[in-house]
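Novice: File name model_35.txt; file contents compact mmCIF, C-alpha atoms; full text below.
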```txt
# COMPACT_ATOMS: atom_id res chain seq x y z
CA MET A 1300 108.85 93.10 122.95
CA ASN A 1301 109.53 91.05 119.87
CA GLN A 1302 113.28 90.55 119.57
CA SER A 1303 113.04 89.85 115.88
CA GLU A 1304 111.61 93.16 114.62
CA TRP A 1305 112.75 93.40 111.01
CA PRO A 1306 115.46 95.99 110.42
CA LEU A 1307 114.50 99.47 109.19
CA TRP A 1308 115.47 100.51 105.65
CA GLU A 1309 115.52 103.96 104.07
CA VAL A 1310 114.01 104.04 100.59
CA PHE A 1311 115.21 106.21 97.70
CA ILE A 1312 113.38 106.38 94.40
CA ARG A 1313 114.31 107.67 90.96
CA SER A 1314 111.02 108.97 89.62
CA LYS A 1315 112.20 108.95 85.99
CA GLN A 1316 115.33 108.44 83.95
CA GLY A 1317 117.62 111.42 84.23
CA LEU A 1318 116.61 112.42 87.76
CA ASP A 1319 118.31 111.74 91.10
CA HIS A 1320 117.13 109.11 93.54
CA LYS A 1321 115.23 110.91 96.26
CA HIS A 1322 114.46 109.82 99.82
CA VAL A 1323 110.78 108.89 100.11
CA GLY A 1324 110.49 107.19 103.50
CA SER A 1325 111.34 104.00 105.28
CA LEU A 1326 110.06 100.50 105.88
CA HIS A 1327 110.89 97.26 107.68
CA ALA A 1328 112.17 94.18 105.86
CA ALA A 1329 114.17 91.08 106.70
CA ASP A 1330 116.73 91.66 103.94
CA ALA A 1331 117.56 93.93 101.00
CA GLU A 1332 115.62 91.90 98.48
CA MET A 1333 112.46 92.06 100.56
CA ALA A 1334 113.07 95.75 101.24
CA ILE A 1335 113.10 96.45 97.50
CA GLN A 1336 109.95 94.41 96.92
CA ASN A 1337 108.18 96.10 99.81
CA ALA A 1338 109.36 99.51 98.61
CA ARG A 1339 107.79 98.77 95.23
CA ASP A 1340 104.46 97.95 96.90
CA VAL A 1341 104.52 100.79 99.41
CA TYR A 1342 106.05 103.63 97.40
CA THR A 1343 105.41 102.97 93.69
CA ARG A 1344 101.79 101.85 93.39
CA ARG A 1345 101.14 104.63 90.90
CA LEU A 1346 104.26 104.49 88.73
CA GLU A 1347 106.20 106.84 91.01
CA GLY A 1348 109.51 105.20 90.20
CA VAL A 1349 111.78 103.50 87.69
CA SER A 1350 114.56 102.61 90.14
CA ILE A 1351 114.74 101.91 93.87
CA TRP A 1352 117.62 102.08 96.33
CA VAL A 1353 117.32 100.77 99.87
CA VAL A 1354 119.86 101.38 102.64
CA GLU A 1355 119.66 99.96 106.13
CA SER A 1356 118.87 102.95 108.33
CA GLY A 1357 121.75 102.16 110.68
CA HIS A 1358 124.18 102.83 107.83
CA VAL A 1359 123.02 106.40 107.31
CA HIS A 1360 125.21 108.96 109.09
CA ALA A 1361 123.85 112.48 109.41
CA SER A 1362 125.17 115.90 110.33
CA ASN A 1363 124.02 117.27 113.66
CA PRO A 1364 121.37 120.02 113.38
CA ASP A 1365 122.60 121.55 116.66
CA ASP A 1366 125.92 122.31 114.96
CA ALA A 1367 124.31 123.73 111.83
CA ALA A 1368 125.28 127.37 112.50
CA ALA A 1369 129.00 126.65 112.92
CA PHE A 1370 129.07 123.80 110.43
CA TYR A 1371 127.79 125.84 107.49
CA GLU A 1372 129.41 129.08 108.62
CA PRO A 1373 132.38 128.84 106.18
CA ALA A 1374 129.99 129.32 103.24
CA ASN A 1375 128.26 132.25 104.86
CA ASP A 1376 130.52 135.17 103.98
CA LYS A 1377 131.90 134.11 100.60
CA ILE A 1378 129.58 136.03 98.37
CA TYR A 1379 132.35 136.16 95.75
CA ARG A 1380 131.47 132.55 94.97
CA HIS A 1381 128.31 133.78 93.29
CA PRO A 1382 128.35 135.28 89.78
CA THR A 1383 126.21 138.20 90.93
CA PHE A 1384 129.19 139.44 93.00
CA TYR A 1385 130.93 140.63 89.82
CA GLN A 1386 130.08 143.71 87.84
CA VAL A 1387 130.05 143.20 84.11
CA PRO A 1388 130.03 146.27 81.85
CA ASP A 1389 126.78 146.67 79.92
CA SER A 1390 128.58 146.47 76.60
CA ILE A 1391 129.92 142.99 77.34
CA LYS A 1392 127.61 140.32 75.96
CA HIS A 1393 127.42 136.57 76.44
CA MET A 1394 128.83 136.45 79.97
CA MET B 474 121.87 138.74 119.39
CA GLU B 475 118.27 138.47 120.43
CA THR B 476 118.02 134.74 119.71
CA LEU B 477 120.73 134.08 122.30
CA GLU B 478 118.37 135.23 125.01
CA LEU B 479 115.61 132.85 123.98
CA THR B 480 115.21 129.50 125.70
CA GLN B 481 115.35 126.34 123.62
CA GLU B 482 111.58 126.09 123.81
CA GLU B 483 111.11 129.70 122.70
CA GLN B 484 113.43 129.16 119.75
CA PHE B 485 111.45 126.06 118.86
CA GLN B 486 108.17 127.97 118.98
CA ALA B 487 109.68 130.80 116.93
CA ARG B 488 110.59 128.32 114.19
CA ILE B 489 107.06 126.92 114.22
CA ASP B 490 105.58 130.42 114.09
CA ALA B 491 107.79 131.16 111.07
CA ASP B 492 106.44 127.98 109.42
CA ILE B 493 109.86 126.33 109.46
CA ARG B 494 109.42 122.55 109.58
CA ILE B 495 110.80 120.51 112.45
CA GLU B 496 112.91 117.51 111.38
CA PRO B 497 113.66 114.30 113.30
CA LYS B 498 117.02 115.23 114.81
CA ASP B 499 116.01 118.79 115.75
CA TRP B 500 115.46 119.65 119.39
CA MET B 501 111.79 119.51 120.37
CA PRO B 502 109.88 119.66 123.67
CA ASP B 503 109.01 116.23 125.10
CA ALA B 504 105.32 117.04 125.05
CA TYR B 505 105.49 117.87 121.32
CA ARG B 506 107.19 114.53 120.64
CA LYS B 507 104.70 112.60 122.78
CA THR B 508 101.65 114.31 121.30
CA LEU B 509 102.90 113.67 117.78
CA ILE B 510 103.67 110.00 118.45
CA ARG B 511 100.17 109.59 119.84
CA GLN B 512 98.51 111.45 116.98
CA ILE B 513 100.51 109.81 114.17
CA SER B 514 100.27 106.28 115.57
CA GLN B 515 96.52 106.65 116.14
CA HIS B 516 96.25 107.76 112.56
CA ALA B 517 98.32 104.75 111.40
CA HIS B 518 96.20 102.39 113.50
CA SER B 519 93.07 103.86 111.90
CA GLU B 520 94.42 103.07 108.43
CA LEU B 521 95.19 99.52 109.50
CA VAL B 522 91.85 98.85 111.18
CA GLY B 523 90.13 100.79 108.37
CA MET B 524 90.96 97.94 106.00
CA LEU B 525 88.72 95.54 107.92
CA PRO B 526 85.21 96.91 107.23
CA GLU B 527 86.04 97.02 103.51
CA GLY B 528 87.87 93.70 103.44
CA ASN B 529 84.47 92.37 104.43
CA TRP B 530 83.17 93.25 100.93
CA ILE B 531 86.05 92.29 98.65
CA THR B 532 84.69 88.81 97.99
CA ARG B 533 81.15 90.13 97.52
CA ALA B 534 81.78 93.18 95.34
CA PRO B 535 79.11 93.28 92.63
CA SER B 536 81.51 93.19 89.67
CA LEU B 537 85.12 92.48 88.82
CA LYS B 538 85.69 96.20 88.28
CA ARG B 539 84.37 97.04 91.75
CA LYS B 540 86.41 94.22 93.27
CA SER B 541 89.63 95.48 91.65
CA ILE B 542 88.91 99.02 92.82
CA LEU B 543 88.18 97.89 96.36
CA LEU B 544 91.34 95.79 96.48
CA ALA B 545 93.41 98.77 95.31
CA LYS B 546 91.78 100.99 97.92
CA VAL B 547 92.44 98.53 100.74
CA GLN B 548 96.04 98.18 99.55
CA ASP B 549 96.38 101.98 99.66
CA GLU B 550 95.18 101.94 103.25
CA ALA B 551 97.86 99.43 104.21
CA GLY B 552 100.33 101.76 102.49
CA HIS B 553 99.01 104.80 104.37
CA GLY B 554 99.43 102.94 107.63
CA LEU B 555 103.04 102.19 106.71
CA TYR B 556 103.87 105.80 105.72
CA LEU B 557 102.52 106.93 109.06
CA TYR B 558 104.20 104.28 111.20
CA SER B 559 107.53 105.18 109.65
CA ALA B 560 106.88 108.89 110.34
CA ALA B 561 106.20 108.00 114.00
CA GLU B 562 109.39 105.93 114.11
CA THR B 563 111.45 109.01 113.22
CA LEU B 564 110.34 110.33 116.63
CA GLY B 565 111.78 107.30 118.42
CA ALA B 566 108.64 105.17 118.66
CA SER B 567 109.16 101.48 117.89
CA ARG B 568 106.93 99.68 115.39
CA ASP B 569 106.51 96.68 117.66
CA GLN B 570 105.52 98.85 120.60
CA MET B 571 102.98 100.78 118.56
CA LEU B 572 101.38 97.56 117.33
CA ALA B 573 101.45 96.10 120.85
CA ASP B 574 99.60 99.20 122.10
CA LEU B 575 96.99 98.84 119.37
CA HIS B 576 96.47 95.17 120.10
CA SER B 577 96.23 95.62 123.87
CA GLY B 578 93.63 98.36 123.43
CA LYS B 579 95.92 100.97 125.01
CA ALA B 580 96.13 102.95 121.77
CA LYS B 581 93.02 104.21 120.04
CA TYR B 582 91.98 104.28 116.40
CA SER B 583 89.17 106.14 114.69
CA SER B 584 85.83 105.02 116.15
CA ILE B 585 84.20 105.13 112.74
CA PHE B 586 85.60 101.67 111.99
CA ASN B 587 83.69 100.19 114.90
CA TYR B 588 80.48 100.47 112.90
CA PRO B 589 79.41 97.52 110.72
CA THR B 590 79.30 97.53 106.91
CA LEU B 591 75.98 95.86 106.26
CA SER B 592 75.29 96.41 102.57
CA TRP B 593 77.19 97.25 99.38
CA ALA B 594 75.95 100.83 99.75
CA ASP B 595 78.11 101.00 102.87
CA MET B 596 81.17 100.79 100.60
CA GLY B 597 79.76 103.87 98.88
CA CYS B 598 79.27 105.69 102.19
CA VAL B 599 82.68 104.72 103.53
CA GLY B 600 84.36 106.20 100.46
CA TRP B 601 82.12 109.21 99.98
CA LEU B 602 81.52 110.23 103.61
CA VAL B 603 84.23 108.61 105.73
CA ASP B 604 87.07 109.27 103.31
CA GLY B 605 85.56 112.68 102.59
CA ALA B 606 85.79 113.51 106.29
CA ALA B 607 89.29 112.04 106.46
CA ILE B 608 90.42 114.26 103.58
CA LEU B 609 89.16 117.38 105.38
CA ASN B 610 91.20 116.33 108.41
CA GLN B 611 94.23 115.38 106.37
CA VAL B 612 94.66 118.15 103.81
CA PRO B 613 95.63 120.74 106.46
CA LEU B 614 98.08 118.18 107.91
CA CYS B 615 100.12 118.38 104.68
CA ARG B 616 101.33 121.68 106.21
CA THR B 617 101.80 120.33 109.71
CA SER B 618 104.94 121.45 111.53
CA TYR B 619 106.67 118.05 111.72
CA GLY B 620 108.40 117.35 108.40
CA PRO B 621 108.09 113.55 108.12
CA TYR B 622 104.41 113.69 109.12
CA ALA B 623 103.66 116.44 106.59
CA ARG B 624 105.43 114.52 103.82
CA ALA B 625 103.54 111.33 104.66
CA MET B 626 100.28 113.28 104.54
CA VAL B 627 101.05 114.70 101.09
CA ARG B 628 101.35 111.13 99.84
CA VAL B 629 98.19 110.04 101.66
CA CYS B 630 96.13 112.95 100.35
CA LYS B 631 97.17 112.33 96.76
CA GLU B 632 95.82 108.81 97.01
CA GLU B 633 92.79 109.54 99.14
CA SER B 634 90.85 111.49 96.54
CA PHE B 635 90.45 108.36 94.40
CA HIS B 636 88.93 106.73 97.47
CA GLN B 637 86.33 109.41 97.87
CA ARG B 638 85.45 109.52 94.19
CA GLN B 639 84.97 105.78 93.89
CA GLY B 640 82.66 105.95 96.92
CA PHE B 641 80.62 108.73 95.37
CA GLU B 642 80.43 106.76 92.13
CA ILE B 643 79.04 103.75 94.00
CA MET B 644 76.40 105.99 95.59
CA GLN B 645 75.54 107.63 92.27
CA THR B 646 75.19 104.27 90.51
CA LEU B 647 72.85 103.03 93.23
CA CYS B 648 70.83 106.25 93.21
CA GLU B 649 70.36 106.05 89.45
CA GLY B 650 69.37 102.38 89.68
CA ALA B 651 66.21 100.60 90.81
CA PRO B 652 64.14 102.08 93.66
CA THR B 653 65.37 99.30 95.96
CA GLN B 654 68.97 100.26 95.16
CA LYS B 655 68.29 103.90 95.90
CA ALA B 656 66.60 102.88 99.15
CA MET B 657 69.71 100.92 100.03
CA ALA B 658 71.83 104.04 99.45
CA GLN B 659 69.52 106.14 101.65
CA GLU B 660 69.54 103.51 104.38
CA ALA B 661 73.35 103.46 104.39
CA LEU B 662 73.50 107.26 104.51
CA ASN B 663 71.13 107.20 107.48
CA ARG B 664 73.46 104.93 109.38
CA TRP B 665 76.78 106.62 108.43
CA TRP B 666 75.91 110.31 108.62
CA TRP B 667 76.14 110.86 112.38
CA PRO B 668 79.13 108.58 113.04
CA THR B 669 80.95 110.48 110.27
CA LEU B 670 80.23 113.82 111.95
CA MET B 671 81.76 112.32 115.11
CA MET B 672 85.01 111.63 113.25
CA PHE B 673 86.06 115.26 113.75
CA GLY B 674 86.22 114.65 117.49
CA PRO B 675 84.53 116.27 120.48
CA ALA B 676 83.09 119.79 120.33
CA ASP B 677 85.73 122.52 120.72
CA ALA B 678 84.53 123.28 124.25
CA ASP B 679 85.35 119.67 125.23
CA SER B 680 88.66 119.45 123.42
CA PRO B 681 91.20 120.81 125.89
CA ASN B 682 94.29 119.89 123.82
CA THR B 683 93.20 121.76 120.71
CA ALA B 684 94.81 125.08 121.70
CA GLN B 685 98.25 123.56 122.30
CA SER B 686 98.07 121.48 119.12
CA MET B 687 97.10 124.53 117.07
CA ASN B 688 99.97 126.44 118.65
CA TRP B 689 102.37 123.72 117.58
CA ARG B 690 100.70 123.59 114.16
CA ILE B 691 100.09 119.89 114.35
CA LYS B 692 96.43 120.74 114.05
CA ARG B 693 95.39 123.63 111.83
CA PHE B 694 91.61 123.84 112.28
CA THR B 695 89.40 123.09 115.28
CA ASN B 696 87.07 120.08 115.36
CA ASP B 697 83.96 122.23 115.03
CA GLU B 698 85.40 124.23 112.13
CA LEU B 699 86.08 121.04 110.19
CA ARG B 700 82.67 119.56 111.07
CA GLN B 701 80.98 122.69 109.73
CA LYS B 702 83.03 122.55 106.52
CA PHE B 703 82.08 118.91 106.08
CA VAL B 704 78.35 119.55 106.45
CA ASP B 705 78.59 122.48 104.02
CA MET B 706 80.31 120.23 101.47
CA MET B 707 78.15 117.17 101.88
CA VAL B 708 74.58 118.45 102.06
CA PRO B 709 74.61 119.66 98.43
CA GLN B 710 76.25 116.41 97.32
CA ALA B 711 73.50 114.39 99.04
CA GLU B 712 70.92 116.62 97.32
CA PHE B 713 72.57 115.93 93.97
CA LEU B 714 72.18 112.20 94.63
CA GLY B 715 68.54 112.73 95.58
CA LEU B 716 69.24 111.59 99.14
CA THR B 717 68.35 113.27 102.43
CA VAL B 718 70.78 113.57 105.31
CA PRO B 719 69.10 112.19 108.46
CA ASP B 720 68.96 115.47 110.36
CA GLU B 721 65.78 117.57 110.40
CA LYS B 722 67.71 120.58 111.64
CA VAL B 723 69.84 120.86 108.51
CA GLN B 724 69.02 124.23 107.01
CA TRP B 725 70.95 126.86 105.08
CA ASN B 726 71.86 129.87 107.22
CA ASP B 727 72.56 133.02 105.20
CA THR B 728 74.13 134.92 108.08
CA LYS B 729 76.83 132.38 108.78
CA ASN B 730 77.03 131.36 105.12
CA GLY B 731 76.79 127.70 106.06
CA TYR B 732 74.31 125.06 107.14
CA ASP B 733 72.81 124.82 110.60
CA PHE B 734 72.65 121.25 111.82
CA GLY B 735 71.56 119.21 114.84
CA ASP B 736 73.55 118.12 117.87
CA VAL B 737 75.81 115.09 117.71
CA ASP B 738 74.98 112.35 120.21
CA TRP B 739 78.17 112.59 122.27
CA GLU B 740 77.06 109.84 124.60
CA GLU B 741 77.20 107.42 121.67
CA PHE B 742 80.58 108.82 120.65
CA TRP B 743 82.18 108.28 124.06
CA ASN B 744 80.58 104.88 124.38
CA VAL B 745 82.21 103.70 121.14
CA VAL B 746 85.55 105.29 122.13
CA LYS B 747 85.40 103.34 125.39
CA GLY B 748 85.12 100.10 123.45
CA ASN B 749 81.38 99.45 123.48
CA GLY B 750 80.64 100.05 119.80
CA LEU B 751 79.02 97.42 117.62
CA CYS B 752 82.29 96.09 116.21
CA ASN B 753 85.09 97.08 118.63
CA GLN B 754 85.77 93.51 119.69
CA GLU B 755 85.43 92.07 116.21
CA ARG B 756 87.86 94.62 114.70
CA LEU B 757 90.52 94.28 117.35
CA GLY B 758 90.04 90.52 117.37
CA ALA B 759 90.63 90.32 113.60
CA ARG B 760 93.70 92.56 113.92
CA VAL B 761 95.27 90.49 116.71
CA LYS B 762 94.48 87.23 114.91
CA ALA B 763 96.17 88.45 111.71
CA HIS B 764 99.20 89.59 113.69
CA GLU B 765 99.54 86.34 115.62
CA GLU B 766 98.99 84.14 112.61
CA GLY B 767 101.65 86.10 110.73
CA ALA B 768 104.24 85.66 113.50
CA TRP B 769 105.81 82.55 111.99
CA VAL B 770 106.21 84.30 108.64
CA ARG B 771 108.04 87.21 110.26
CA GLU B 772 110.27 84.87 112.21
CA ALA B 773 110.98 82.62 109.23
CA ALA B 774 111.89 85.59 107.00
CA MET B 775 114.29 86.88 109.63
CA ALA B 776 115.86 83.45 110.16
CA HIS B 777 116.29 83.07 106.40
CA ALA B 778 117.90 86.50 106.10
CA GLU B 779 120.30 85.78 108.96
CA LYS B 780 121.27 82.43 107.51
CA ARG B 781 121.99 83.98 104.13
CA LYS B 782 124.03 86.75 105.74
CA ALA B 783 126.08 84.20 107.69
CA ARG B 784 126.80 82.30 104.48
CA GLY B 785 128.07 85.56 102.99
```
Rewrite the structure from the file as structure tokens, please.
Specialist:
Amino acid sequence: MNQSEWPLWEVFIRSKQGLDHKHVGSLHAADAEMAIQNARDVYTRRLEGVSIWVVESGHVHASNPDDAAAFYEPANDKIYRHPTFYQVPDSIKHM
Amino acid sequence: METLELTQEEQFQARIDADIRIEPKDWMPDAYRKTLIRQISQHAHSELVGMLPEGNWITRAPSLKRKSILLAKVQDEAGHGLYLYSAAETLGASRDQMLADLHSGKAKYSSIFNYPTLSWADMGCVGWLVDGAAILNQVPLCRTSYGPYARAMVRVCKEESFHQRQGFEIMQTLCEGAPTQKAMAQEALNRWWWPTLMMFGPADADSPNTAQSMNWRIKRFTNDELRQKFVDMMVPQAEFLGLTVPDEKVQWNDTKNGYDFGDVDWEEFWNVVKGNGLCNQERLGARVKAHEEGAWVREAAMAHAEKRKARG
């Protein structure tokens, strides 16, 4: 095995001004500068982006899918957080 | 309550059956992971090796326009390989190991690239037929059960249709040209037709893994179903070009609402898979040479990055 495999980077692209950066995939590069250049060549050959973020994959921390049920449980039964929970009289406008 | 009684594997299958995508950190059976790593890396290897038969023609493309198009297409293929390798890496496969397996011959790639590209018309056939067949394989994979693979395939498919169209355009230009040019197109079709039909893999009866892969939704149509679709698509296109597919048994069948066609020479197929095709050694040799000759660049880039990091 090659000891010097280039680190893995996650790539995020803003497809146009006004939109969020969105995860598009990953690639290997020796450093951040090369990661951005490679991301341009790999992920924006057809004008898919106006801005690129790269983050070394090791720096991404993720929630555990096995805990999903308990982890998101607190939001499960709070239907009063949604506007549709409230009854508004028909005669009331603009609400 | 009911879900509590299901095993992990049953829950997994239930998610697949409900068309819920599987993501990298989700639990999955080992066999699912292994099958996917094999399938995705083979696909990535095919993109990588697939650059070679076309690279052969970049310097000899008949015009600057054709050269630019071919360069863009080959660059796309490098990109497709990279999308797919990174999808495989989300399953725990290492890039170095995948490349080592390709270079040692342990991993396979599509046998179609072990055929030579002898004339410019071959660039037409590779785009029109080979990429046409690839698209049929790939479009259903945009809905495959493993999220990163499906997302990579969406990207690949978007780009692939330009590949097929430019191939068809090459064929059309040749077919509307001088008789010798049209003959060149026919000659290329004669050589590529059968190998392209082989791209869909062995007949269903000889494809023991198909059932499991369909169950896991990492394959959505059988090999024979896709082969039939391909023939049904391509025969009219060949007719439009004024070309004849090299199979006397091709005939429209009203009852099945598709074309009948002859038997694929499976002996040839297996022979090429085993490494005895016309270009197996040349392709792998070129791949290994490029990798080895690039080693110093990879090492130098890493050394440079580490030095800069140390300097702060």
Novice: Taking a cut-off of 8 Å and counting only C-alpha atoms, can you build a table that, for each residue of region 661-682 of chain B near region 593-617 of chain B, reports the nearest atom pair and how far apart they are in Å (one decimal), sorted by chain then residue number, as CSV?
Specialist:
```
residue,atom,partner,partner_atom,distance
B:Ala661,CA,B:Asp595,CA,5.6
B:Leu662,CA,B:Cys598,CA,6.4
B:Trp665,CA,B:Cys598,CA,6.8
B:Trp666,CA,B:Leu602,CA,7.5
B:Thr669,CA,B:Val603,CA,5.9
B:Leu670,CA,B:Ala606,CA,7.9
B:Met672,CA,B:Ala606,CA,7.3
B:Phe673,CA,B:Asn610,CA,7.5
```
Novice: Write out as a PyMOL selection string which residues come within 10 Å of Tyr588 (chain B) when counting all atoms listed in the file, dropping same-chain ones fewer than 4 positions away.
Specialist: chain B and resi 526+584+664-665+668+745+750-753+756
Novice: Near Asn1363 (chain A), within 10 Å and counting only C-alpha atoms, which residues show up once chain neighbours fewer than 4 positions away are dropped, as an MDAnalysis selection string?
Specialist: (chainID A and resid 1367 1370) or (chainID B and resid 498:499)
Novice: Just the number, please: distance in Å from CA of Leu543 (chain B) to CA of Leu591 (chain B), one decimal.
Specialist: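 The value is 15.8 Å.
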Novice: Dump as a PyMOL selection string the residues of chain A that approach chain B to within 10 Å, counting all atoms listed in the file.
Specialist: chain A and resi 1300-1307+1309+1323-1333+1340-1342+1344-1345+1361-1365
Novice: May I have the selected residues written with C-alpha atoms, as a CSV table (one decimal), in the coordinates of the input?
Specialist:
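Okay, out38.csv is ready:
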```
chain,number,residue,atom,x,y,z
A,1300,MET,CA,108.8,93.1,123.0
A,1301,ASN,CA,109.5,91.0,119.9
A,1302,GLN,CA,113.3,90.6,119.6
A,1303,SER,CA,113.0,89.8,115.9
A,1304,GLU,CA,111.6,93.2,114.6
A,1305,TRP,CA,112.8,93.4,111.0
A,1306,PRO,CA,115.5,96.0,110.4
A,1307,LEU,CA,114.5,99.5,109.2
A,1309,GLU,CA,115.5,104.0,104.1
A,1323,VAL,CA,110.8,108.9,100.1
A,1324,GLY,CA,110.5,107.2,103.5
A,1325,SER,CA,111.3,104.0,105.3
A,1326,LEU,CA,110.1,100.5,105.9
A,1327,HIS,CA,110.9,97.3,107.7
A,1328,ALA,CA,112.2,94.2,105.9
A,1329,ALA,CA,114.2,91.1,106.7
A,1330,ASP,CA,116.7,91.7,103.9
A,1331,ALA,CA,117.6,93.9,101.0
A,1332,GLU,CA,115.6,91.9,98.5
A,1333,MET,CA,112.5,92.1,100.6
A,1340,ASP,CA,104.5,98.0,96.9
A,1341,VAL,CA,104.5,100.8,99.4
A,1342,TYR,CA,106.0,103.6,97.4
A,1344,ARG,CA,101.8,101.8,93.4
A,1345,ARG,CA,101.1,104.6,90.9
A,1361,ALA,CA,123.8,112.5,109.4
A,1362,SER,CA,125.2,115.9,110.3
A,1363,ASN,CA,124.0,117.3,113.7
A,1364,PRO,CA,121.4,120.0,113.4
A,1365,ASP,CA,122.6,121.6,116.7
```
Novice: Record the distance separating CA of Val627 (chain B) and CA of Met706 (chain B), expressed in Å with one decimal.
Specialist: 21.5 Å
Novice: Using only C-alpha atoms, determine which residues lie at most 9 Å from region 725-742 of chain B, disregarding the query and same-chain residues fewer than 4 positions distant; provide the list as a PDB file with C-alpha atoms, keeping the file's coordinate frame.
Specialist:
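around_24.pdb, freshly written:
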```
ATOM      1  CA  SER B 584      85.830 105.020 116.150  1.00  0.00           C
ATOM      2  CA  TRP B 667      76.140 110.860 112.380  1.00  0.00           C
ATOM      3  CA  PRO B 668      79.130 108.580 113.040  1.00  0.00           C
ATOM      4  CA  LEU B 670      80.230 113.820 111.950  1.00  0.00           C
ATOM      5  CA  MET B 671      81.760 112.320 115.110  1.00  0.00           C
ATOM      6  CA  GLY B 674      86.220 114.650 117.490  1.00  0.00           C
ATOM      7  CA  PRO B 675      84.530 116.270 120.480  1.00  0.00           C
ATOM      8  CA  ALA B 676      83.090 119.790 120.330  1.00  0.00           C
ATOM      9  CA  GLN B 701      80.980 122.690 109.730  1.00  0.00           C
ATOM     10  CA  LYS B 702      83.030 122.550 106.520  1.00  0.00           C
ATOM     11  CA  VAL B 704      78.350 119.550 106.450  1.00  0.00           C
ATOM     12  CA  ASP B 705      78.590 122.480 104.020  1.00  0.00           C
ATOM     13  CA  VAL B 708      74.580 118.450 102.060  1.00  0.00           C
ATOM     14  CA  ASP B 720      68.960 115.470 110.360  1.00  0.00           C
ATOM     15  CA  GLU B 721      65.780 117.570 110.400  1.00  0.00           C
ATOM     16  CA  VAL B 746      85.550 105.290 122.130  1.00  0.00           C
ATOM     17  CA  LYS B 747      85.400 103.340 125.390  1.00  0.00           C
ATOM     18  CA  GLY B 750      80.640 100.050 119.800  1.00  0.00           C
TER      19      GLY B 750
END
```
Novice: Excluding Thr1343 (chain A) and any residue of its chain fewer than 3 positions from it, enumerate the residues within 12 Å of it, using all atoms listed in the file, and give them as a list in words.
Specialist: Val1310, Phe1311, Ile1312, Arg1313, Ser1314, Lys1315, Val1323, Gly1324, Ile1335, Gln1336, Asn1337, Ala1338, Arg1339, Asp1340, Leu1346, Glu1347, Gly1348, Val1349, Ser1350 and Ile1351 of chain A; Asp549, Gly552, Arg628 and Glu632 of chain B
Novice: Using only C-alpha atoms, which of B:Pro535, B:Ile495, B:Pro589, B:Ile510 sits nearest Met571 (chain B)?
Specialist: B:Ile510
Novice: Box time for region 725-743 of chain B: axis-aligned, enclosing all its listed atoms, 6 Å extra on each side; report centre and edge lengths in Å to one decimal, as JSON.
Specialist:
```
{"center_x": 76.6, "center_y": 121.2, "center_z": 114.8, "size_x": 23.2, "size_y": 39.5, "size_z": 31.5}
```
Novice: Quick one: distance from CA of Ala487 (chain B) to CA of Pro502 (chain B) in Å, one decimal?
Specialist: 13.0 Å
